[in-house]
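Below you'll find the structure, written out as structure tokens, and then a few comments.
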Amino acid sequence: MITALRENIDWVGYVDWTVRDFHGYNTNRGSTYNAYLVRDEKTALIDTVKAPYTGDLLERVQALTSLDKVDYIVCNHAEPDHAGGLTQVVKACPNAVVVCNQKCRKTLSQYQDTSAWKIQIVRDGGEISLGRRTLVFMDTPMVHWPESMFTYIPEEKLLFSMDAFGQHLATSGRFDDDEEVSLEVVMNEAKTYYANIVMLYGKQVLRVLERAAGLAFETIAPSHGVIWRKHIGDIIAAYKDWAVCKPKAKVLVIYDTMWQSTAAMARAIVDGASVPGVDVRLYSVRAGNITVLASEAIDAAVLAFGSPTLNMTMMPEMASALTYLKGLRPAGKSGFAFGSYGWAKNGPAEVESVMKEMQIEILREMITAQYAPTAEALKECFEAGRALAAKALEMVKRTA
Ligand code: FEO
């Protein structure tokens, strides 16, 4: 359903209720591809949608204006979930000029045949007047791709923030204060989105936040999920914390197991870490999914990873989880490795090696147990868990 953000500024995107896999991201609450139509003396469409849903987008635009009245199609980001529909939209809107920055133009031309498009290149800080309103463009490199940019309408205190502040969340309400969805769910999905899409680019996020602090907002309209108008302060404060992976007093124990030996070690670590004021979470890489794991890891002060040895290496699901987390690079973490083995300690040793590559501070030598952990080995795990909890509390105090 078309939703008004302001008089003659409307949401015309697509709610994808059923998507569950977004290039590997487990979107268990679906997603939206938000596009917006600004009608003034000139008319601008802000972004498009994933290619298969372009017909829905065009229907919504046509319900508001005729397609030959669209003067501009702003492309804030060339990734196909937003720009995939451009070829079809450009064809359908014969008078429209695609507005993007130079990097975006190049990326678009690598995905689509842009040779017949009318394209207007805009620079950082550039403006286009629509009449009563102005579009102001701000480059936001690496939030999420090199060509990403924001579009701001100062007269409306309205920011189109592209992927930033987004959530993979399908809802019937379009705003953060609609009754259909609780703030807790929105913030949780915003955190999961940040952790899986932008965590690697924390420094760039901080730069963008600094620049955006100079703008006055009453509405932030991202490209995914609900539009922020009531809880803008909450989401900006959360982004400042997430950008530096600010630790909470949280211990995350992540493991895989063959015959329950490493699982028993993991539970002993959890028991040891379970002290007042510390949130301890046990995560099985085979029972869970990496999307949730990334979200859990971003604010955990300390992490313990455990794998037994299988075929002279770590378990494959643990290798997968570590590879994913290594790419996202959660910053400032501490922890240790553990695991059982039969005749070679390669499993836990390789886990520790990847933790070092991730620049996780290694707090102690890895804990290993041959075949099954003895009472003594479980006691060692318990004590290591207790030390992890103490470290988590200390880190929170240091970064408060
Ligand atoms: Fe939602 Fe980076 O695209």
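In the structure tokens, chains take letters A, B, ... by order of appearance, with residues numbered from 1 within each chain and ligands from 1 in the order shown.
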Using only C-alpha atoms and all ligand atoms, what table do you get, as a tab-separated table, when you list each residue of chain A with an atom no more than 7 Å from ligand 1, its nearest pair of atoms, and their distance in Å rounded to one decimal, rows by chain then rising number?
```
residue	atom	partner	partner_atom_place_in_ligand_line	distance
A:His77	CA	ligand 1	2 (Fe)	6.9
A:Glu79	CA	ligand 1	3 (O)	5.1
A:Asp81	CA	ligand 1	1 (Fe)	5.6
A:His82	CA	ligand 1	1 (Fe)	6.3
A:His144	CA	ligand 1	2 (Fe)	5.1
A:Trp145	CA	ligand 1	2 (Fe)	6.4
A:Asp163	CA	ligand 1	1 (Fe)	5.1
A:Ser223	CA	ligand 1	1 (Fe)	6.3
A:His224	CA	ligand 1	1 (Fe)	6.6
```
Could you save those same residues with C-alpha atoms as an mmCIF file, in the first residue's frame?
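Wrote out_31.cif, looks like this:
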```
data_model
loop_
_atom_site.group_PDB
_atom_site.id
_atom_site.type_symbol
_atom_site.label_atom_id
_atom_site.label_comp_id
_atom_site.auth_asym_id
_atom_site.auth_seq_id
_atom_site.Cartn_x
_atom_site.Cartn_y
_atom_site.Cartn_z
ATOM 1 C CA HIS A 77 23.268 2.503 -4.371
ATOM 2 C CA GLU A 79 23.372 -3.125 -5.417
ATOM 3 C CA ASP A 81 18.198 -5.156 -4.356
ATOM 4 C CA HIS A 82 17.701 -1.427 -5.024
ATOM 5 C CA HIS A 144 27.304 -0.103 2.195
ATOM 6 C CA TRP A 145 29.316 -0.109 -1.088
ATOM 7 C CA ASP A 163 21.071 0.718 3.657
ATOM 8 C CA SER A 223 15.951 1.268 1.939
ATOM 9 C CA HIS A 224 14.894 -1.693 4.062
#
```
Neighbouring residues of Ser295 (chain A) were defined as those with any atom within 10 Å, considering only C-alpha atoms; residues of the same chain fewer than 3 positions away were excluded. Please report them as an MDAnalysis selection string.
chainID A and resid 188:196 199 290:292 298:300
With all heavy atoms retained, export the selected residues as a compact mmCIF listing (two decimals), in the first residue's frame.
```txt
# COMPACT_ATOMS: atom_id res chain seq x y z
N ASN A 188 16.04 -5.01 17.18
CA ASN A 188 16.76 -6.27 17.05
C ASN A 188 17.10 -6.55 15.59
O ASN A 188 18.22 -6.96 15.25
CB ASN A 188 15.94 -7.42 17.64
CG ASN A 188 16.77 -8.66 17.76
OD1 ASN A 188 17.87 -8.62 18.30
ND2 ASN A 188 16.28 -9.76 17.22
N GLU A 189 16.14 -6.28 14.69
CA GLU A 189 16.42 -6.50 13.27
C GLU A 189 17.41 -5.47 12.73
O GLU A 189 18.21 -5.77 11.84
CB GLU A 189 15.11 -6.49 12.46
CG GLU A 189 14.20 -7.68 12.74
CD GLU A 189 14.85 -9.04 12.49
OE1 GLU A 189 15.75 -9.15 11.65
OE2 GLU A 189 14.46 -10.01 13.17
N ALA A 190 17.36 -4.25 13.27
CA ALA A 190 18.35 -3.22 12.85
C ALA A 190 19.75 -3.65 13.27
O ALA A 190 20.73 -3.48 12.53
CB ALA A 190 17.99 -1.87 13.46
N LYS A 191 19.84 -4.23 14.46
CA LYS A 191 21.15 -4.70 14.96
C LYS A 191 21.66 -5.86 14.10
O LYS A 191 22.83 -5.90 13.70
CB LYS A 191 21.00 -5.15 16.42
CG LYS A 191 22.28 -5.66 17.02
CD LYS A 191 22.00 -6.21 18.41
CE LYS A 191 23.23 -6.89 18.97
NZ LYS A 191 22.88 -7.81 20.05
N THR A 192 20.77 -6.81 13.81
CA THR A 192 21.16 -7.96 12.98
C THR A 192 21.60 -7.47 11.60
O THR A 192 22.60 -7.94 11.04
CB THR A 192 19.99 -8.95 12.86
OG1 THR A 192 19.60 -9.34 14.17
CG2 THR A 192 20.36 -10.18 12.07
N TYR A 193 20.87 -6.50 11.07
CA TYR A 193 21.22 -5.94 9.75
C TYR A 193 22.61 -5.28 9.82
O TYR A 193 23.47 -5.53 8.98
CB TYR A 193 20.15 -4.90 9.34
CG TYR A 193 20.36 -4.42 7.93
CD1 TYR A 193 19.77 -5.08 6.86
CD2 TYR A 193 21.16 -3.32 7.67
CE1 TYR A 193 19.99 -4.66 5.57
CE2 TYR A 193 21.37 -2.89 6.38
CZ TYR A 193 20.78 -3.56 5.33
OH TYR A 193 21.01 -3.15 4.05
N TYR A 194 22.80 -4.45 10.84
CA TYR A 194 24.09 -3.77 10.97
C TYR A 194 25.22 -4.79 11.06
O TYR A 194 26.24 -4.70 10.35
CB TYR A 194 24.12 -2.86 12.21
CG TYR A 194 25.43 -2.13 12.30
CD1 TYR A 194 25.58 -0.86 11.75
CD2 TYR A 194 26.56 -2.74 12.84
CE1 TYR A 194 26.82 -0.23 11.75
CE2 TYR A 194 27.79 -2.12 12.84
CZ TYR A 194 27.91 -0.86 12.30
OH TYR A 194 29.14 -0.25 12.29
N ALA A 195 25.03 -5.80 11.93
CA ALA A 195 26.10 -6.77 12.18
C ALA A 195 26.47 -7.53 10.92
O ALA A 195 27.65 -7.78 10.65
CB ALA A 195 25.67 -7.74 13.27
N ASN A 196 25.50 -7.87 10.12
CA ASN A 196 25.75 -8.72 8.95
C ASN A 196 26.09 -7.94 7.69
O ASN A 196 26.67 -8.50 6.76
CB ASN A 196 24.52 -9.59 8.68
CG ASN A 196 24.41 -10.74 9.66
OD1 ASN A 196 25.02 -11.78 9.47
ND2 ASN A 196 23.67 -10.55 10.75
N MET A 199 29.02 -4.23 9.66
CA MET A 199 29.96 -4.30 10.80
C MET A 199 31.41 -4.09 10.35
O MET A 199 32.19 -3.43 11.03
CB MET A 199 29.82 -5.63 11.52
CG MET A 199 30.82 -5.80 12.66
SD MET A 199 30.26 -6.86 13.98
CE MET A 199 30.02 -8.44 13.22
N ILE A 290 24.44 -18.36 10.97
CA ILE A 290 25.50 -17.37 11.10
C ILE A 290 24.97 -15.94 11.17
O ILE A 290 25.62 -15.06 11.70
CB ILE A 290 26.52 -17.50 9.94
CG1 ILE A 290 25.83 -17.49 8.58
CG2 ILE A 290 27.38 -18.74 10.12
CD1 ILE A 290 26.80 -17.49 7.41
N THR A 291 23.76 -15.73 10.67
CA THR A 291 23.18 -14.38 10.73
C THR A 291 22.96 -13.97 12.19
O THR A 291 23.32 -12.86 12.61
CB THR A 291 21.83 -14.36 9.97
OG1 THR A 291 22.06 -14.86 8.65
CG2 THR A 291 21.25 -12.98 9.91
N VAL A 292 22.38 -14.89 12.97
CA VAL A 292 22.15 -14.63 14.39
C VAL A 292 23.49 -14.55 15.12
O VAL A 292 23.70 -13.69 15.98
CB VAL A 292 21.26 -15.74 14.99
CG1 VAL A 292 21.17 -15.60 16.50
CG2 VAL A 292 19.87 -15.68 14.37
N ILE A 298 28.46 -9.02 17.94
CA ILE A 298 28.85 -7.61 17.84
C ILE A 298 29.00 -6.95 19.20
O ILE A 298 29.89 -6.13 19.41
CB ILE A 298 27.87 -6.82 16.93
CG1 ILE A 298 28.45 -5.45 16.59
CG2 ILE A 298 26.50 -6.68 17.53
CD1 ILE A 298 27.68 -4.71 15.52
N ASP A 299 28.16 -7.33 20.17
CA ASP A 299 28.25 -6.66 21.47
C ASP A 299 28.71 -7.60 22.59
O ASP A 299 28.65 -7.23 23.76
CB ASP A 299 26.92 -5.99 21.83
CG ASP A 299 25.74 -6.97 21.82
OD1 ASP A 299 25.98 -8.16 21.58
OD2 ASP A 299 24.60 -6.52 22.05
N ALA A 300 29.15 -8.81 22.24
CA ALA A 300 29.73 -9.70 23.27
C ALA A 300 31.14 -9.21 23.57
O ALA A 300 31.92 -8.96 22.65
CB ALA A 300 29.76 -11.13 22.76
```
Interface rows for region 207-307 of chain A against region 339-361 of chain A: nearest pair, Å to one decimal, 8 Å, only C-alpha atoms, as a Markdown table:
```
| residue | atom | partner | partner_atom | distance |
| --- | --- | --- | --- | --- |
| A:Ser261 | CA | A:Ser340 | CA | 6.1 |
| A:Thr262 | CA | A:Gly339 | CA | 5.1 |
| A:Met265 | CA | A:Gly339 | CA | 7.3 |
| A:Phe305 | CA | A:Val351 | CA | 6.9 |
| A:Gly306 | CA | A:Gly339 | CA | 4.9 |
| A:Ser307 | CA | A:Gly339 | CA | 4.8 |
```
Please report, as a Markdown table, each residue of region 140-241 of chain A lying at most 9 Å from region 26-35 of chain A, together with the nearest pair of atoms and the separation in Å rounded to one decimal; use only C-alpha atoms, and order rows by chain and ascending residue number.
```
| residue | atom | partner | partner_atom | distance |
| --- | --- | --- | --- | --- |
| A:Met162 | CA | A:Asn34 | CA | 8.8 |
| A:Gln167 | CA | A:Ser31 | CA | 7.3 |
| A:His168 | CA | A:Ser31 | CA | 4.2 |
| A:Leu169 | CA | A:Ser31 | CA | 4.4 |
| A:Ala170 | CA | A:Ser31 | CA | 4.6 |
| A:Thr171 | CA | A:Ser31 | CA | 8.2 |
| A:Glu189 | CA | A:Arg29 | CA | 8.6 |
| A:Ala221 | CA | A:Asn34 | CA | 8.3 |
| A:Pro222 | CA | A:Asn34 | CA | 7.1 |
| A:Ser223 | CA | A:Asn34 | CA | 4.6 |
| A:His224 | CA | A:Thr32 | CA | 5.0 |
| A:Gly225 | CA | A:Thr32 | CA | 5.4 |
| A:Val226 | CA | A:Thr32 | CA | 8.4 |
```
Run DSSP on the backbone of this structure and report the residues of region 211-373 of chain A it assigns to strand (DSSP E), as a ChimeraX atom specification.
/A:219-222,248-255,279-284,300-306,309-310,313-314,334-341,361-362,367-370
Close residues, Leu293 (chain A) itself excluded, 10 Å, only C-alpha atoms, min 3 positions apart in chain, as a short mmCIF file (atom, residue, chain, number, x, y, z; two decimals) with N, CA, C and O atoms, in the first residue's frame:
```cif
data_model
loop_
_atom_site.label_atom_id
_atom_site.label_comp_id
_atom_site.auth_asym_id
_atom_site.auth_seq_id
_atom_site.Cartn_x
_atom_site.Cartn_y
_atom_site.Cartn_z
N THR A 192 20.77 -6.81 13.81
CA THR A 192 21.16 -7.96 12.98
C THR A 192 21.60 -7.47 11.60
O THR A 192 22.60 -7.94 11.04
N ALA A 195 25.03 -5.80 11.93
CA ALA A 195 26.10 -6.77 12.18
C ALA A 195 26.47 -7.53 10.92
O ALA A 195 27.65 -7.78 10.65
N ASN A 196 25.50 -7.87 10.12
CA ASN A 196 25.75 -8.72 8.95
C ASN A 196 26.09 -7.94 7.69
O ASN A 196 26.67 -8.50 6.76
N LEU A 252 29.95 -15.11 25.02
CA LEU A 252 29.37 -15.94 23.97
C LEU A 252 30.24 -17.18 23.79
O LEU A 252 31.43 -17.06 23.50
N ILE A 254 30.69 -20.50 21.66
CA ILE A 254 30.27 -21.00 20.34
C ILE A 254 30.99 -22.33 20.10
O ILE A 254 32.20 -22.41 20.26
N TYR A 283 26.02 -21.12 22.02
CA TYR A 283 25.60 -21.11 20.62
C TYR A 283 26.19 -22.32 19.91
O TYR A 283 27.42 -22.47 19.84
N SER A 284 25.33 -23.20 19.41
CA SER A 284 25.80 -24.33 18.62
C SER A 284 25.79 -23.93 17.15
O SER A 284 24.75 -23.54 16.62
N VAL A 285 26.92 -24.03 16.48
CA VAL A 285 26.97 -23.57 15.08
C VAL A 285 26.12 -24.45 14.18
O VAL A 285 25.70 -24.02 13.11
N GLY A 288 22.24 -23.34 15.05
CA GLY A 288 21.86 -21.95 14.78
C GLY A 288 22.17 -21.53 13.37
O GLY A 288 22.31 -22.37 12.48
N ASN A 289 22.24 -20.24 13.15
CA ASN A 289 22.66 -19.76 11.82
C ASN A 289 23.60 -18.57 11.99
O ASN A 289 23.57 -17.87 13.01
N ILE A 290 24.44 -18.36 10.97
CA ILE A 290 25.50 -17.37 11.10
C ILE A 290 24.97 -15.94 11.17
O ILE A 290 25.62 -15.06 11.70
N GLU A 296 24.88 -11.66 17.60
CA GLU A 296 25.27 -11.94 18.99
C GLU A 296 26.70 -11.49 19.26
O GLU A 296 27.03 -11.05 20.37
N ALA A 297 27.55 -11.61 18.25
CA ALA A 297 28.98 -11.35 18.46
C ALA A 297 29.28 -9.86 18.57
O ALA A 297 30.24 -9.47 19.24
N ILE A 298 28.46 -9.02 17.94
CA ILE A 298 28.85 -7.61 17.84
C ILE A 298 29.00 -6.95 19.20
O ILE A 298 29.89 -6.13 19.41
N ALA A 321 31.47 -20.77 10.22
CA ALA A 321 31.12 -19.65 11.11
C ALA A 321 32.31 -18.72 11.31
O ALA A 321 32.17 -17.49 11.26
N TYR A 324 32.99 -16.61 8.24
CA TYR A 324 32.02 -15.51 8.12
C TYR A 324 32.35 -14.38 9.09
O TYR A 324 32.40 -13.21 8.72
N LEU A 325 32.61 -14.75 10.35
CA LEU A 325 32.92 -13.73 11.35
C LEU A 325 34.24 -13.03 11.06
O LEU A 325 34.38 -11.83 11.29
#
```
Nearest-residue call for Pro330 (chain A), choices A:Ala294, A:Val270, A:Leu135, A:Ala83, using only C-alpha atoms:
A:Ala294
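Note that CA of Asp113 (chain A) and CA of Ala63 (chain A) are 27.9 Å apart.
Across the model, the gap from CA of Leu378 (chain A) to CA of Val275 (chain A) is 17.4 Å.
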Give me the residues near Ala400 (chain A) as a ChimeraX atom specification, where near means some atom within 12 Å (using only C-alpha atoms) and where sequence neighbours in that chain fewer than 6 positions away do not count.
/A:241,246-249,393-394
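Restricting the calculation to only C-alpha atoms, the smallest distance between Leu130 (chain A) and any of A:Thr374, A:Thr43, A:Gln260, A:Ser320 is found for A:Thr43.
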Min atom-atom distance to Ala266 (chain A) from the set A:Tyr36, A:Tyr14, A:Phe382, A:Tyr53, counting only C-alpha atoms, belongs to A:Phe382
Which residues come within 10 Å of Leu108 (chain A), counting only C-alpha atoms, excluding same-chain residues fewer than 6 positions away, as a compact mmCIF listing (two decimals) with all heavy atoms, in the first residue's frame?
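Generated file (around-v6.txt):
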```
# COMPACT_ATOMS: atom_id res chain seq x y z
N CYS A 75 19.54 7.10 -7.95
CA CYS A 75 20.09 5.79 -7.57
C CYS A 75 21.13 6.02 -6.48
O CYS A 75 22.24 6.46 -6.76
CB CYS A 75 20.70 5.08 -8.78
SG CYS A 75 21.36 3.47 -8.33
N HIS A 77 22.44 3.69 -4.63
CA HIS A 77 23.27 2.50 -4.37
C HIS A 77 23.02 1.53 -5.52
O HIS A 77 21.86 1.27 -5.88
CB HIS A 77 22.81 1.92 -3.03
CG HIS A 77 23.54 0.71 -2.54
ND1 HIS A 77 24.79 0.33 -2.96
CD2 HIS A 77 23.16 -0.22 -1.61
CE1 HIS A 77 25.14 -0.77 -2.31
NE2 HIS A 77 24.18 -1.13 -1.50
N ALA A 78 24.08 0.98 -6.09
CA ALA A 78 23.94 0.15 -7.28
C ALA A 78 23.65 -1.31 -6.99
O ALA A 78 23.47 -2.11 -7.91
CB ALA A 78 25.22 0.25 -8.12
N GLU A 79 23.60 -1.71 -5.72
CA GLU A 79 23.37 -3.12 -5.42
C GLU A 79 21.99 -3.53 -5.97
O GLU A 79 21.02 -2.76 -5.88
CB GLU A 79 23.47 -3.39 -3.91
CG GLU A 79 23.54 -4.89 -3.63
CD GLU A 79 24.03 -5.26 -2.22
OE1 GLU A 79 24.17 -4.38 -1.37
OE2 GLU A 79 24.26 -6.47 -2.01
N PRO A 80 21.89 -4.74 -6.52
CA PRO A 80 20.68 -5.11 -7.26
C PRO A 80 19.39 -5.15 -6.44
O PRO A 80 18.31 -5.13 -7.02
CB PRO A 80 21.01 -6.50 -7.82
CG PRO A 80 22.49 -6.49 -7.95
CD PRO A 80 22.99 -5.70 -6.77
N ALA A 83 18.77 -1.36 -7.19
CA ALA A 83 18.94 -0.85 -8.55
C ALA A 83 18.58 -1.90 -9.60
O ALA A 83 18.58 -1.60 -10.80
CB ALA A 83 20.38 -0.38 -8.76
N GLY A 84 18.26 -3.10 -9.15
CA GLY A 84 17.97 -4.18 -10.10
C GLY A 84 16.83 -3.85 -11.04
O GLY A 84 16.78 -4.32 -12.18
N LEU A 86 16.16 -0.95 -12.29
CA LEU A 86 16.37 0.31 -13.03
C LEU A 86 16.14 0.17 -14.54
O LEU A 86 15.51 1.04 -15.15
CB LEU A 86 17.79 0.82 -12.78
CG LEU A 86 17.93 1.94 -11.75
CD1 LEU A 86 19.40 2.30 -11.55
CD2 LEU A 86 17.15 3.18 -12.18
N THR A 87 16.63 -0.91 -15.14
CA THR A 87 16.50 -1.05 -16.60
C THR A 87 15.04 -0.93 -17.00
O THR A 87 14.67 -0.18 -17.91
CB THR A 87 17.10 -2.39 -17.05
OG1 THR A 87 18.50 -2.37 -16.78
CG2 THR A 87 16.87 -2.64 -18.54
N CYS A 100 22.98 9.88 -10.18
CA CYS A 100 23.85 9.06 -9.33
C CYS A 100 25.24 9.68 -9.31
O CYS A 100 25.51 10.62 -10.06
CB CYS A 100 23.91 7.62 -9.85
SG CYS A 100 24.61 7.46 -11.49
N GLN A 102 29.53 9.33 -9.67
CA GLN A 102 30.37 8.77 -10.73
C GLN A 102 30.64 7.28 -10.51
O GLN A 102 30.58 6.47 -11.45
CB GLN A 102 31.69 9.56 -10.78
CG GLN A 102 32.58 9.23 -11.95
CD GLN A 102 31.96 9.63 -13.29
OE1 GLN A 102 31.52 10.76 -13.46
NE2 GLN A 102 31.91 8.72 -14.23
N THR A 114 23.57 0.37 -19.71
CA THR A 114 23.14 1.74 -19.43
C THR A 114 23.36 2.67 -20.63
O THR A 114 23.21 3.87 -20.51
CB THR A 114 23.92 2.30 -18.22
OG1 THR A 114 25.32 2.31 -18.55
CG2 THR A 114 23.71 1.48 -16.97
N GLU A 147 30.00 3.18 -3.81
CA GLU A 147 29.24 4.24 -4.49
C GLU A 147 28.03 4.71 -3.69
O GLU A 147 27.29 5.59 -4.15
CB GLU A 147 28.77 3.72 -5.87
CG GLU A 147 27.49 2.89 -5.87
CD GLU A 147 27.57 1.58 -5.11
OE1 GLU A 147 28.68 1.12 -4.81
OE2 GLU A 147 26.50 1.03 -4.77
```
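You will find CA of Ala331 (chain A) at 16.9 Å from CA of Lys397 (chain A).
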I need the residues of region 92-241 of chain A that end up classed as alpha helix (DSSP H) by DSSP on the backbone, written out as JSON, numbers by chain.
{"A": [92, 102, 103, 104, 105, 106, 107, 108, 109, 110, 111, 183, 184, 185, 186, 187, 188, 189, 190, 191, 192, 193, 202, 203, 204, 205, 206, 207, 208, 209, 210, 211, 212, 232, 233, 234, 235, 236, 237, 238, 239, 240, 241]}
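Residue nearest Thr257 (chain A) within the list A:Thr219, A:Thr309, A:Leu206, A:Phe150: A:Thr309 [criterion: smallest interatomic distance, only C-alpha atoms].
The protein and nucleic acid residues lying at most 8 Å from Arg123 (chain A) are Asn101, Gln102, Phe137, Met138 and Asp139 of chain A, with only C-alpha atoms considered and sequence neighbours fewer than 6 positions away removed.
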Written file, previous selection with N, CA and C atoms, as a tab-separated table (two decimals), in the first residue's frame:
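Result file is out-v4.tsv:
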```tsv
chain	number	residue	atom	x	y	z
A	101	ASN	N	26.10	9.14	-8.44
A	101	ASN	CA	27.47	9.65	-8.45
A	101	ASN	C	28.30	8.87	-9.48
A	102	GLN	N	29.53	9.33	-9.67
A	102	GLN	CA	30.37	8.77	-10.73
A	102	GLN	C	30.64	7.28	-10.51
A	137	PHE	N	22.78	15.67	-2.07
A	137	PHE	CA	23.40	14.35	-2.12
A	137	PHE	C	24.67	14.30	-1.25
A	138	MET	N	24.84	13.20	-0.57
A	138	MET	CA	25.99	13.05	0.33
A	138	MET	C	26.59	11.66	0.13
A	139	ASP	N	27.83	11.61	-0.33
A	139	ASP	CA	28.49	10.31	-0.52
A	139	ASP	C	28.70	9.63	0.83
```
Can you pull out every residue within 9 Å of Glu365 (chain A), counting only C-alpha atoms, but drop anything in the same chain fewer than 5 positions away, and send it as a ChimeraX atom specification?
/A:336-338,352
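Counting only C-alpha atoms, the residue from A:Glu156, A:Asp279, A:Asp256, A:Glu7 that sits nearest to Ala301 (chain A) is A:Asp279.
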